[in-house]
$ cat my_file.txt   # compact mmCIF, C-alpha atoms and all ligand atoms
# COMPACT_ATOMS: atom_id res chain seq x y z
CA MET A 1 4.17 51.27 -24.59
CA ARG A 2 5.77 52.84 -21.52
CA ALA A 3 9.58 52.75 -21.44
CA LEU A 4 12.56 54.36 -19.71
CA VAL A 5 14.26 56.67 -22.21
CA TYR A 6 17.75 58.22 -22.06
CA HIS A 7 17.80 61.99 -22.68
CA GLY A 8 21.26 63.01 -21.47
CA PRO A 9 23.51 62.79 -18.42
CA LYS A 10 21.42 62.12 -15.29
CA ASN A 11 18.30 62.67 -17.36
CA VAL A 12 16.08 59.64 -17.95
CA ALA A 13 12.27 59.54 -18.09
CA VAL A 14 9.48 57.04 -18.45
CA GLU A 15 7.32 57.93 -21.43
CA ASN A 16 5.28 56.54 -24.34
CA VAL A 17 7.31 55.08 -27.23
CA PRO A 18 6.24 52.90 -30.20
CA ASP A 19 5.52 49.31 -29.17
CA ALA A 20 8.34 46.79 -29.58
CA ARG A 21 7.32 44.21 -32.22
CA ILE A 22 8.46 41.17 -34.15
CA GLU A 23 10.78 42.40 -36.92
CA LYS A 24 12.37 39.15 -38.14
CA PRO A 25 11.10 35.55 -38.28
CA THR A 26 13.66 34.58 -35.62
CA ASP A 27 12.36 37.15 -33.08
CA ALA A 28 10.14 36.69 -30.05
CA LEU A 29 8.17 39.38 -28.27
CA VAL A 30 8.33 39.35 -24.47
CA ARG A 31 6.07 41.15 -22.01
CA ILE A 32 8.53 42.27 -19.34
CA THR A 33 7.66 41.42 -15.74
CA THR A 34 10.99 42.32 -14.10
CA THR A 35 13.92 44.40 -15.37
CA ASN A 36 16.84 45.58 -13.26
CA ILE A 37 18.94 48.71 -13.05
CA CYS A 38 22.59 47.68 -13.39
CA GLY A 39 25.87 49.34 -12.43
CA SER A 40 26.58 49.21 -16.18
CA ASP A 41 23.55 51.45 -16.83
CA LEU A 42 25.24 54.08 -14.68
CA HIS A 43 28.07 54.44 -17.24
CA MET A 44 25.40 55.77 -19.62
CA TYR A 45 23.41 57.60 -16.92
CA GLU A 46 26.51 59.50 -15.78
CA GLY A 47 27.22 60.58 -19.36
CA ARG A 48 30.40 58.54 -19.87
CA THR A 49 29.27 56.93 -23.13
CA ASP A 50 28.09 57.96 -26.58
CA VAL A 51 24.63 56.40 -26.08
CA GLU A 52 22.14 58.15 -28.34
CA GLU A 53 19.38 60.33 -26.95
CA GLY A 54 16.05 58.52 -27.16
CA LYS A 55 17.46 55.04 -26.49
CA VAL A 56 15.34 52.74 -24.31
CA LEU A 57 17.68 51.27 -21.68
CA GLY A 58 17.59 47.95 -19.83
CA HIS A 59 19.60 44.75 -20.36
CA GLU A 60 18.61 42.63 -17.31
CA ASN A 61 15.26 41.33 -18.46
CA MET A 62 12.72 38.65 -17.64
CA GLY A 63 9.13 38.13 -18.77
CA GLU A 64 6.54 36.13 -20.65
CA VAL A 65 6.66 35.28 -24.35
CA ILE A 66 3.52 36.71 -26.00
CA GLU A 67 4.36 36.22 -29.69
CA VAL A 68 6.98 34.38 -31.76
CA GLY A 69 8.13 34.79 -35.38
CA ASP A 70 7.60 32.05 -37.99
CA GLY A 71 11.21 30.87 -37.61
CA VAL A 72 10.99 30.28 -33.85
CA ASP A 73 10.09 26.75 -32.80
CA ARG A 74 11.71 25.98 -29.45
CA VAL A 75 10.39 28.93 -27.45
CA LYS A 76 6.59 29.03 -27.12
CA VAL A 77 3.99 31.65 -26.35
CA GLY A 78 3.36 31.50 -22.59
CA ASP A 79 6.94 30.50 -21.69
CA VAL A 80 8.47 32.52 -18.87
CA VAL A 81 12.01 33.39 -19.96
CA VAL A 82 15.08 35.25 -18.77
CA LEU A 83 17.25 36.91 -21.42
CA PRO A 84 21.05 37.03 -21.31
CA PHE A 85 22.12 40.67 -21.57
CA ASN A 86 24.28 39.73 -24.56
CA ILE A 87 22.52 39.02 -27.84
CA GLY A 88 24.13 36.19 -29.80
CA CYS A 89 23.27 34.68 -33.19
CA GLY A 90 24.29 31.12 -32.32
CA PHE A 91 26.12 30.44 -35.59
CA CYS A 92 29.16 32.75 -35.80
CA LYS A 93 32.68 31.63 -34.86
CA ASN A 94 32.43 33.15 -31.39
CA CYS A 95 28.92 31.92 -30.51
CA GLU A 96 29.86 28.41 -31.73
CA ASN A 97 32.73 28.43 -29.28
CA GLY A 98 30.65 29.70 -26.37
CA TYR A 99 31.80 33.33 -26.57
CA THR A 100 28.27 34.69 -26.89
CA GLY A 101 29.37 37.99 -25.36
CA PHE A 102 31.41 38.60 -28.52
CA CYS A 103 28.90 37.64 -31.25
CA LEU A 104 30.20 38.63 -34.67
CA THR A 105 26.75 38.77 -36.32
CA ALA A 106 24.47 40.71 -33.96
CA ASN A 107 26.66 43.85 -33.95
CA PRO A 108 29.06 43.57 -36.92
CA GLY A 109 32.41 45.28 -36.60
CA SER A 110 32.15 45.63 -32.84
CA ALA A 111 32.70 43.34 -29.86
CA GLY A 112 29.30 41.95 -28.95
CA ALA A 113 25.68 43.06 -28.78
CA ALA A 114 23.31 43.85 -25.91
CA TYR A 115 19.85 45.26 -25.23
CA GLY A 116 19.60 48.97 -24.52
CA TYR A 117 23.30 49.71 -24.40
CA ALA A 118 25.75 52.23 -25.89
CA SER A 119 27.78 50.88 -28.85
CA MET A 120 26.33 47.39 -28.42
CA GLY A 121 24.09 47.49 -31.49
CA PRO A 122 20.71 48.97 -32.41
CA TYR A 123 18.69 46.96 -29.88
CA SER A 124 16.17 48.55 -27.56
CA GLY A 125 16.21 47.77 -23.87
CA GLY A 126 13.74 46.05 -21.61
CA GLN A 127 13.04 48.79 -19.06
CA ALA A 128 9.75 48.85 -20.90
CA GLU A 129 6.49 46.97 -21.18
CA LEU A 130 7.62 44.97 -24.23
CA LEU A 131 10.95 43.69 -25.56
CA ARG A 132 11.93 42.35 -28.97
CA VAL A 133 14.24 39.35 -28.53
CA PRO A 134 16.37 38.55 -31.62
CA TYR A 135 17.43 34.93 -32.35
CA ALA A 136 14.94 33.92 -29.68
CA ASP A 137 15.50 30.15 -29.85
CA TRP A 138 19.18 30.72 -29.08
CA ASN A 139 18.90 33.55 -26.55
CA ALA A 140 15.83 32.91 -24.38
CA LEU A 141 16.31 30.66 -21.35
CA VAL A 142 13.01 29.04 -20.41
CA LEU A 143 12.32 28.91 -16.67
CA PRO A 144 10.59 26.17 -14.68
CA GLU A 145 7.19 26.34 -12.99
CA ASP A 146 8.50 28.22 -9.93
CA ALA A 147 9.55 31.16 -12.18
CA ARG A 148 7.08 33.65 -10.72
CA GLU A 149 7.67 32.67 -7.12
CA LYS A 150 11.46 33.09 -7.49
CA GLU A 151 11.42 35.99 -9.93
CA LYS A 152 13.94 37.96 -7.81
CA ASP A 153 16.42 35.10 -8.08
CA TYR A 154 15.89 34.08 -11.70
CA VAL A 155 16.13 37.63 -13.06
CA MET A 156 19.76 37.70 -11.86
CA LEU A 157 20.52 35.11 -14.56
CA SER A 158 20.28 37.89 -17.14
CA ASP A 159 23.59 39.40 -16.08
CA ILE A 160 25.07 39.82 -12.63
CA LEU A 161 25.03 36.20 -11.42
CA PRO A 162 26.65 34.76 -14.58
CA THR A 163 28.96 37.80 -14.66
CA GLY A 164 30.10 37.22 -11.09
CA TYR A 165 30.53 33.55 -11.93
CA HIS A 166 32.49 34.49 -15.06
CA GLY A 167 34.91 36.44 -12.86
CA THR A 168 35.60 33.30 -10.84
CA GLU A 169 35.90 31.23 -14.04
CA LEU A 170 38.40 33.68 -15.56
CA ALA A 171 40.34 33.37 -12.29
CA ARG A 172 39.85 29.56 -12.30
CA VAL A 173 38.77 29.55 -8.65
CA GLY A 174 39.10 26.02 -7.32
CA ILE A 175 38.21 24.16 -4.13
CA GLY A 176 40.00 25.14 -0.96
CA GLU A 177 41.41 28.35 -2.41
CA SER A 178 41.37 31.87 -1.02
CA VAL A 179 39.88 34.57 -3.23
CA VAL A 180 39.79 38.34 -3.04
CA VAL A 181 36.98 40.21 -4.81
CA TRP A 182 37.47 43.96 -5.34
CA GLY A 183 34.07 45.69 -5.15
CA ALA A 184 30.93 44.75 -3.16
CA GLY A 185 28.45 46.06 -5.72
CA PRO A 186 25.94 43.60 -7.14
CA VAL A 187 28.57 42.06 -9.44
CA GLY A 188 31.18 41.69 -6.68
CA LEU A 189 28.61 40.13 -4.35
CA MET A 190 27.65 37.63 -7.07
CA ALA A 191 31.36 36.86 -7.61
CA ALA A 192 31.70 36.19 -3.88
CA MET A 193 28.65 33.90 -3.97
CA SER A 194 30.10 32.10 -7.00
CA ALA A 195 33.49 31.64 -5.34
CA GLY A 196 31.69 29.97 -2.44
CA LEU A 197 29.82 27.76 -4.89
CA ARG A 198 33.10 26.67 -6.45
CA GLY A 199 34.41 25.59 -3.03
CA ALA A 200 36.65 28.51 -2.10
CA ASN A 201 37.93 28.22 1.43
CA GLN A 202 37.95 31.95 2.19
CA VAL A 203 36.53 34.85 0.19
CA PHE A 204 37.53 38.45 0.98
CA VAL A 205 35.41 41.28 -0.42
CA VAL A 206 36.87 44.81 -0.53
CA ASP A 207 34.68 47.93 -0.53
CA ARG A 208 34.00 50.86 1.76
CA GLN A 209 30.20 50.99 1.80
CA PRO A 210 29.03 49.53 5.11
CA ASP A 211 25.68 48.22 3.76
CA ARG A 212 27.39 46.36 0.94
CA LEU A 213 30.10 44.96 3.20
CA ARG A 214 27.36 43.64 5.49
CA LEU A 215 25.80 41.82 2.52
CA ALA A 216 29.19 40.31 1.71
CA GLU A 217 29.24 38.94 5.25
CA THR A 218 25.71 37.54 4.82
CA ILE A 219 26.97 35.68 1.75
CA GLY A 220 29.70 34.10 3.89
CA ALA A 221 32.61 36.31 2.83
CA THR A 222 35.08 38.25 4.96
CA PRO A 223 34.44 41.99 4.48
CA ILE A 224 37.50 44.21 4.03
CA ASP A 225 36.80 47.89 4.61
CA ASP A 226 39.46 49.79 2.73
CA SER A 227 38.54 53.07 4.44
CA ALA A 228 39.73 51.44 7.67
CA GLY A 229 43.27 50.86 6.36
CA ASP A 230 45.07 49.76 3.22
CA ALA A 231 43.07 46.85 1.77
CA VAL A 232 46.11 45.21 0.15
CA GLN A 233 47.88 45.12 3.53
CA GLN A 234 44.77 43.68 5.18
CA ILE A 235 44.70 40.83 2.62
CA LEU A 236 48.43 40.16 3.01
CA ASP A 237 48.07 40.14 6.80
CA ALA A 238 45.22 37.63 6.55
CA THR A 239 47.17 35.30 4.24
CA ARG A 240 50.53 35.10 6.09
CA GLY A 241 51.99 37.63 3.68
CA GLU A 242 51.41 35.37 0.65
CA GLY A 243 48.37 37.03 -0.87
CA ALA A 244 45.11 35.42 -1.92
CA ASP A 245 45.27 32.51 -4.38
CA LYS A 246 42.91 34.17 -6.85
CA GLY A 247 41.35 37.59 -7.46
CA VAL A 248 38.30 39.12 -9.15
CA GLU A 249 37.95 42.77 -10.22
CA ALA A 250 34.29 43.87 -9.95
CA VAL A 251 34.60 47.68 -9.81
CA GLY A 252 35.66 48.80 -13.31
CA TYR A 253 37.16 52.04 -14.59
CA GLN A 254 35.08 54.17 -12.23
CA ALA A 255 37.19 53.12 -9.22
CA HIS A 256 37.67 55.75 -6.54
CA ASP A 257 40.36 55.98 -3.92
CA HIS A 258 39.25 56.42 -0.31
CA THR A 259 39.32 60.22 -0.60
CA GLY A 260 36.69 59.90 -3.34
CA GLU A 261 39.05 60.80 -6.18
CA GLU A 262 38.57 58.86 -9.42
CA ARG A 263 41.46 56.44 -10.02
CA PRO A 264 40.86 54.15 -13.02
CA GLY A 265 43.04 51.05 -12.74
CA LEU A 266 43.69 51.39 -9.01
CA THR A 267 41.78 48.16 -8.38
CA VAL A 268 43.74 46.20 -11.00
CA ASN A 269 47.04 47.26 -9.44
CA SER A 270 45.71 46.46 -5.97
CA LEU A 271 44.79 42.96 -7.14
CA ILE A 272 48.26 42.41 -8.61
CA GLU A 273 49.64 43.24 -5.16
CA ALA A 274 47.07 41.27 -3.16
CA VAL A 275 47.13 38.03 -5.20
CA ARG A 276 49.96 35.55 -4.62
CA PRO A 277 52.75 34.87 -7.13
CA THR A 278 51.38 32.71 -10.03
CA GLY A 279 47.81 33.55 -8.98
CA ARG A 280 45.15 34.30 -11.52
CA ILE A 281 42.93 37.41 -11.78
CA GLY A 282 39.53 37.72 -13.50
CA VAL A 283 38.48 41.24 -14.53
CA VAL A 284 34.73 41.70 -15.08
CA GLY A 285 34.50 45.35 -14.03
CA VAL A 286 34.11 47.34 -17.25
CA PHE A 287 36.94 49.31 -18.86
CA VAL A 288 36.08 51.17 -22.07
CA PRO A 289 38.35 51.57 -25.10
CA ALA A 290 40.68 54.54 -24.98
CA ASP A 291 40.35 57.35 -27.51
CA PRO A 292 43.00 56.63 -30.21
CA ASN A 293 43.75 60.35 -30.47
CA SER A 294 44.69 60.73 -26.84
CA GLY A 295 48.41 60.16 -27.45
CA ASP A 296 50.24 59.33 -24.24
CA ASP A 297 47.49 60.67 -22.04
CA LEU A 298 46.94 58.01 -19.40
CA ALA A 299 44.25 59.92 -17.56
CA GLN A 300 41.33 58.40 -19.41
CA GLU A 301 39.06 55.44 -19.04
CA GLY A 302 40.69 52.66 -21.06
CA LYS A 303 44.29 53.59 -20.28
CA PHE A 304 45.98 53.53 -16.91
CA GLY A 305 49.42 52.90 -15.47
CA MET A 306 49.40 49.15 -14.88
CA ASP A 307 52.23 47.77 -12.74
CA PHE A 308 53.16 45.26 -15.40
CA GLY A 309 56.54 44.63 -13.79
CA THR A 310 55.02 43.26 -10.59
CA PHE A 311 52.47 41.30 -12.65
CA PHE A 312 55.37 39.78 -14.66
CA PHE A 313 57.63 39.07 -11.70
CA LYS A 314 54.79 37.36 -9.87
CA GLY A 315 54.06 35.24 -12.96
CA GLN A 316 50.36 36.07 -12.74
CA THR A 317 47.68 35.57 -15.40
CA MET A 318 44.67 37.75 -16.13
CA GLY A 319 41.38 37.08 -17.92
CA THR A 320 39.02 39.86 -18.98
CA GLY A 321 35.82 40.76 -20.75
CA GLN A 322 32.05 40.71 -20.89
CA ALA A 323 30.49 37.58 -19.43
CA ASN A 324 29.33 34.95 -21.90
CA VAL A 325 26.08 34.55 -20.00
CA LYS A 326 24.91 31.51 -21.97
CA GLN A 327 27.88 29.46 -20.79
CA TYR A 328 26.54 29.45 -17.24
CA ASN A 329 22.88 30.51 -17.03
CA ARG A 330 21.35 27.06 -17.53
CA GLN A 331 23.41 25.44 -14.77
CA LEU A 332 22.87 28.37 -12.40
CA ARG A 333 19.11 28.27 -13.15
CA ASN A 334 19.06 24.63 -12.02
CA LEU A 335 20.73 25.54 -8.73
CA ILE A 336 18.17 28.30 -8.08
CA HIS A 337 15.37 25.83 -8.86
CA ARG A 338 16.81 23.37 -6.31
CA ASP A 339 17.13 26.13 -3.66
CA LYS A 340 20.93 25.86 -3.71
CA LEU A 341 21.45 29.47 -4.74
CA ASN A 342 19.54 32.64 -3.80
CA PRO A 343 21.06 35.64 -5.61
CA GLY A 344 17.85 37.62 -4.99
CA LEU A 345 18.98 38.23 -1.41
CA ILE A 346 20.84 41.36 -2.58
CA VAL A 347 17.65 43.02 -3.91
CA SER A 348 17.01 46.18 -1.90
CA HIS A 349 14.16 47.84 -3.84
CA GLU A 350 11.34 46.79 -6.14
CA LEU A 351 9.69 49.70 -7.95
CA GLY A 352 7.06 50.21 -10.62
CA LEU A 353 8.42 51.25 -14.03
CA ASP A 354 7.06 54.76 -13.49
CA GLU A 355 9.39 55.16 -10.51
CA ALA A 356 12.45 54.21 -12.60
CA ALA A 357 13.98 57.70 -12.79
CA GLU A 358 14.02 57.93 -9.00
CA GLY A 359 15.53 54.43 -8.83
CA TYR A 360 18.35 55.53 -11.15
CA ARG A 361 19.05 58.64 -9.11
CA ARG A 362 19.22 56.89 -5.74
CA PHE A 363 21.19 53.88 -7.01
CA ASP A 364 23.62 56.24 -8.77
CA ASP A 365 24.06 58.26 -5.56
CA ARG A 366 24.98 54.93 -3.87
CA GLU A 367 22.44 55.88 -1.19
CA ASP A 368 22.78 53.72 1.87
CA GLY A 369 20.83 50.51 1.35
CA TRP A 370 20.23 51.00 -2.42
CA THR A 371 22.08 47.87 -3.54
CA LYS A 372 19.99 46.44 -6.36
CA VAL A 373 16.85 47.93 -7.86
CA LEU A 374 14.22 45.87 -9.71
CA LEU A 375 11.53 47.47 -11.87
CA HIS A 376 8.16 45.88 -12.56
CA PRO A 377 6.50 47.34 -15.67
P1 LIG B 1 28.46 49.28 -8.66
O1 LIG B 1 28.97 50.55 -9.22
O2 LIG B 1 27.14 49.23 -7.97
O3 LIG B 1 29.54 48.64 -7.67
C1 LIG B 1 30.88 49.00 -7.66
C2 LIG B 1 31.37 48.97 -6.22
O4 LIG B 1 32.77 49.24 -6.22
C3 LIG B 1 30.72 50.01 -5.30
O5 LIG B 1 30.15 49.36 -4.18
C4 LIG B 1 31.89 50.93 -4.90
O6 LIG B 1 31.79 51.39 -3.56
C5 LIG B 1 33.08 50.00 -5.07
N1 LIG B 1 34.37 50.66 -5.29
C6 LIG B 1 34.67 51.77 -6.00
N2 LIG B 1 36.00 52.01 -5.94
C7 LIG B 1 36.54 51.04 -5.18
C8 LIG B 1 37.87 50.74 -4.74
N3 LIG B 1 38.93 51.48 -5.14
N4 LIG B 1 38.05 49.67 -3.94
C9 LIG B 1 37.01 48.89 -3.56
N5 LIG B 1 35.73 49.12 -3.94
C10 LIG B 1 35.51 50.18 -4.74
O7 LIG B 1 28.44 48.33 -9.94
P2 LIG B 1 28.08 46.78 -10.21
O8 LIG B 1 26.69 46.69 -10.74
O9 LIG B 1 28.46 45.89 -9.09
O10 LIG B 1 29.08 46.55 -11.42
C11 LIG B 1 30.48 46.55 -11.21
C12 LIG B 1 31.23 46.63 -12.53
O11 LIG B 1 30.94 45.45 -13.30
C13 LIG B 1 30.82 47.81 -13.41
O12 LIG B 1 31.97 48.30 -14.07
C14 LIG B 1 29.89 47.17 -14.40
O13 LIG B 1 29.82 47.89 -15.62
C15 LIG B 1 30.59 45.86 -14.60
N6 LIG B 1 29.78 44.79 -15.25
C16 LIG B 1 30.46 43.99 -16.11
C17 LIG B 1 29.80 42.96 -16.75
C18 LIG B 1 30.55 42.03 -17.65
O14 LIG B 1 29.92 41.28 -18.40
N7 LIG B 1 31.87 41.97 -17.60
C19 LIG B 1 28.43 42.77 -16.52
C20 LIG B 1 27.77 43.60 -15.61
C21 LIG B 1 28.47 44.62 -14.98
ZN ZN B 2 23.85 44.56 -16.08
$ encode --input "my_file.txt" --output "structure tokens"
Amino acid sequence: MRALVYHGPKNVAVENVPDARIEKPTDALVRITTTNICGSDLHMYEGRTDVEEGKVLGHENMGEVIEVGDGVDRVKVGDVVVLPFNIGCGFCKNCENGYTGFCLTANPGSAGAAYGYASMGPYSGGQAELLRVPYADWNALVLPEDAREKEKDYVMLSDILPTGYHGTELARVGIGESVVVWGAGPVGLMAAMSAGLRGANQVFVVDRQPDRLRLAETIGATPIDDSAGDAVQQILDATRGEGADKGVEAVGYQAHDHTGEERPGLTVNSLIEAVRPTGRIGVVGVFVPADPNSGDDLAQEGKFGMDFGTFFFKGQTMGTGQANVKQYNRQLRNLIHRDKLNPGLIVSHELGLDEAAEGYRRFDDREDGWTKVLLHP
């Protein structure tokens, strides 16, 4: 089959690899119809991870079931399904409690499993013609009859829509509240959409890319351009000096300051300043574990100088982590089906699988207008 393979930093290629197949009775085999490039793929693409050479990438996957193992009886051949990026078993302590992003079975000894991702288990990704789906009855979400017509919307259920929603859940966004989202990438835009869904009264979205800020406005949020002046001050000015009620971090460790210099943690400290005393902050931007041998060196990805004193004095609370997609995807699917949610509006490009390498390059360069890239094998 054709698949997008990782060969090294900024080096990916579509080539022939052995076909994905059923390996266990609980597997299903899916013919991929849409698979997205995610901001999370860029961590691997830019060479920031230990992903192995030869890995097929792709964790935002949707397609048609073409074969099921003997132990699969809910999902049927012919079903159109969307797959949560996290792979759960359904029976471990964490899956039982809804924390499917932290399955203890699918990637033992680590914190969760995913398709086509560094240190998230041995699973191949779906930027390919075929995908093996483990524990298929548990993981596959079956879509209704309008699946094909609304493919651009439904495919967002694999990751960024539930992830954005998770940010607002970690922050416990409630009706009538003000919310500030740091980052207007796909995840931040989905967090802004989710905050609106939960009845937020005003949603601010901070970024500095004009095309993305315009999309935030389309979603009904107030864009805050932090290249036009300190974003924290702009939020304080807009909230009578109090700060927003709640905050969501949707940038991650690759945050830059407005001169373009890398500043991991800058966004977390900005949120502590821009959220009101006793406010709650949800962090869904990715931070990766620090190297245990780094000593006191703060200048690396998982460690940064957090202003814990301000966080403490303001009595704030913070929630973090990978989204447990299965907690939300069914409900969000129903809203898409009823035309109450259209996450596909952020899609900027739809490419054939063979154009994937170019899609990676232009999305990674944050080229103007390259907001969200979908691949159709
Ligand atoms: P992205 O890289 O496309 O978007 C990040 C945005 O942040 C960009 O628009 C960039 O201009 C902006 N930005 C950078 N520094 C900033 C700063 N200091 N202030 C304001 N804006 C700044 O990525 P994405 O696809 O939207 O993903 C965002 C993060 O979410 C990534 O870290 C990704 O890995 C993570 N993610 C987490 C989960 C999860 O389950 N928790 C799932 C998917 C993605
Ligand atoms: Zn993703």
$ residues_near_ligand --input "my_file.txt" --ligand "ligand ZN 2 (chain B)" --cutoff "7 Å" --atoms "only C-alpha atoms and all ligand atoms" --output "list in words"
Cys38, Gly39, Ser40, Asp41, His59, Glu60, Phe85, Asp159 and Ile160 of chain A
$ axis_aligned_box --input "my_file.txt" --around "ligand LIG 1 (chain B)" --padding-each-side "5 Å" --output "JSON"
{"center_x": 32.8, "center_y": 46.6, "center_z": -11.0, "size_x": 22.2, "size_y": 20.7, "size_z": 24.8}
$ residues_around --input "my_file.txt" --residues "A:Ala114" --least-positions-apart "6" --cutoff "9 Å" --atoms "only C-alpha atoms" --output "JSON, numbers by chain"
{"A": [59, 84, 85, 86, 87, 88, 101, 106, 107, 120, 121, 122, 123, 124, 125]}
$ residues_near_ligand --input "my_file.txt" --ligand "ligand LIG 1 (chain B)" --cutoff "6 Å" --atoms "all atoms listed in the file" --output "NGL selection string"
:A and (38-40 or 159-160 or 163 or 182-188 or 206-209 or 250-252 or 255-257 or 267 or 284-286 or 321-323)
$ residues_near_point --input "my_file.txt" --point "(33.3, 35.4, 6.1)" --cutoff "12 Å" --atoms "only C-alpha atoms" --output "PDB file with C-alpha atoms, keeping the file's coordinate frame"
ATOM      1  CA  SER A 178      41.370  31.870  -1.020  1.00  0.00           C
ATOM      2  CA  VAL A 179      39.880  34.570  -3.230  1.00  0.00           C
ATOM      3  CA  VAL A 180      39.790  38.340  -3.040  1.00  0.00           C
ATOM      4  CA  ALA A 192      31.700  36.190  -3.880  1.00  0.00           C
ATOM      5  CA  MET A 193      28.650  33.900  -3.970  1.00  0.00           C
ATOM      6  CA  GLY A 196      31.690  29.970  -2.440  1.00  0.00           C
ATOM      7  CA  ALA A 200      36.650  28.510  -2.100  1.00  0.00           C
ATOM      8  CA  ASN A 201      37.930  28.220   1.430  1.00  0.00           C
ATOM      9  CA  GLN A 202      37.950  31.950   2.190  1.00  0.00           C
ATOM     10  CA  VAL A 203      36.530  34.850   0.190  1.00  0.00           C
ATOM     11  CA  PHE A 204      37.530  38.450   0.980  1.00  0.00           C
ATOM     12  CA  VAL A 205      35.410  41.280  -0.420  1.00  0.00           C
ATOM     13  CA  LEU A 213      30.100  44.960   3.200  1.00  0.00           C
ATOM     14  CA  ARG A 214      27.360  43.640   5.490  1.00  0.00           C
ATOM     15  CA  LEU A 215      25.800  41.820   2.520  1.00  0.00           C
ATOM     16  CA  ALA A 216      29.190  40.310   1.710  1.00  0.00           C
ATOM     17  CA  GLU A 217      29.240  38.940   5.250  1.00  0.00           C
ATOM     18  CA  THR A 218      25.710  37.540   4.820  1.00  0.00           C
ATOM     19  CA  ILE A 219      26.970  35.680   1.750  1.00  0.00           C
ATOM     20  CA  GLY A 220      29.700  34.100   3.890  1.00  0.00           C
ATOM     21  CA  ALA A 221      32.610  36.310   2.830  1.00  0.00           C
ATOM     22  CA  THR A 222      35.080  38.250   4.960  1.00  0.00           C
ATOM     23  CA  PRO A 223      34.440  41.990   4.480  1.00  0.00           C
ATOM     24  CA  ILE A 224      37.500  44.210   4.030  1.00  0.00           C
TER      25      ILE A 224
END
$ atom_distance --input "my_file.txt" --atom1 "atom CA of A:Glu129" --atom2 "atom CA of A:Gly116"
13.7 Å
$ closest_residue --input "my_file.txt" --among "A:Asp137, A:Glu358, A:Glu367, A:Asp70" --to "A:Ile37" --atoms "all atoms listed in the file"
A:Glu358
$ residues_around --input "my_file.txt" --residues "A:Lys152" --least-positions-apart "2" --cutoff "12 Å" --atoms "all atoms listed in the file" --output "MDAnalysis selection string"
chainID A and resid 33:36 60:63 82 146:150 154:158 161 336 341:350 372:376
$ write_last_selection --input "my_file.txt" --atoms "C-alpha atoms" --output "mmCIF file, in the coordinates of the input"
data_model
loop_
_atom_site.group_PDB
_atom_site.id
_atom_site.type_symbol
_atom_site.label_atom_id
_atom_site.label_comp_id
_atom_site.auth_asym_id
_atom_site.auth_seq_id
_atom_site.Cartn_x
_atom_site.Cartn_y
_atom_site.Cartn_z
ATOM 1 C CA THR A 33 7.660 41.420 -15.740
ATOM 2 C CA THR A 34 10.990 42.320 -14.100
ATOM 3 C CA THR A 35 13.920 44.400 -15.370
ATOM 4 C CA ASN A 36 16.840 45.580 -13.260
ATOM 5 C CA GLU A 60 18.610 42.630 -17.310
ATOM 6 C CA ASN A 61 15.260 41.330 -18.460
ATOM 7 C CA MET A 62 12.720 38.650 -17.640
ATOM 8 C CA GLY A 63 9.130 38.130 -18.770
ATOM 9 C CA VAL A 82 15.080 35.250 -18.770
ATOM 10 C CA ASP A 146 8.500 28.220 -9.930
ATOM 11 C CA ALA A 147 9.550 31.160 -12.180
ATOM 12 C CA ARG A 148 7.080 33.650 -10.720
ATOM 13 C CA GLU A 149 7.670 32.670 -7.120
ATOM 14 C CA LYS A 150 11.460 33.090 -7.490
ATOM 15 C CA TYR A 154 15.890 34.080 -11.700
ATOM 16 C CA VAL A 155 16.130 37.630 -13.060
ATOM 17 C CA MET A 156 19.760 37.700 -11.860
ATOM 18 C CA LEU A 157 20.520 35.110 -14.560
ATOM 19 C CA SER A 158 20.280 37.890 -17.140
ATOM 20 C CA LEU A 161 25.030 36.200 -11.420
ATOM 21 C CA ILE A 336 18.170 28.300 -8.080
ATOM 22 C CA LEU A 341 21.450 29.470 -4.740
ATOM 23 C CA ASN A 342 19.540 32.640 -3.800
ATOM 24 C CA PRO A 343 21.060 35.640 -5.610
ATOM 25 C CA GLY A 344 17.850 37.620 -4.990
ATOM 26 C CA LEU A 345 18.980 38.230 -1.410
ATOM 27 C CA ILE A 346 20.840 41.360 -2.580
ATOM 28 C CA VAL A 347 17.650 43.020 -3.910
ATOM 29 C CA SER A 348 17.010 46.180 -1.900
ATOM 30 C CA HIS A 349 14.160 47.840 -3.840
ATOM 31 C CA GLU A 350 11.340 46.790 -6.140
ATOM 32 C CA LYS A 372 19.990 46.440 -6.360
ATOM 33 C CA VAL A 373 16.850 47.930 -7.860
ATOM 34 C CA LEU A 374 14.220 45.870 -9.710
ATOM 35 C CA LEU A 375 11.530 47.470 -11.870
ATOM 36 C CA HIS A 376 8.160 45.880 -12.560
#
$ residues_near_point --input "my_file.txt" --point "(40.0, 38.2, -16.2)" --cutoff "8 Å" --atoms "all atoms listed in the file" --output "VMD selection string"
chain A and resid 167 170 to 171 248 to 249 280 to 284 318 to 321
$ atom_distance --input "my_file.txt" --atom1 "atom CA of A:Val56" --atom2 "atom CA of A:Arg330"
27.2 Å
$ closest_residue --input "my_file.txt" --among "A:Gly164, A:Pro210, A:Gly54, A:Gly71" --to "A:Trp370" --atoms "only C-alpha atoms"
A:Pro210
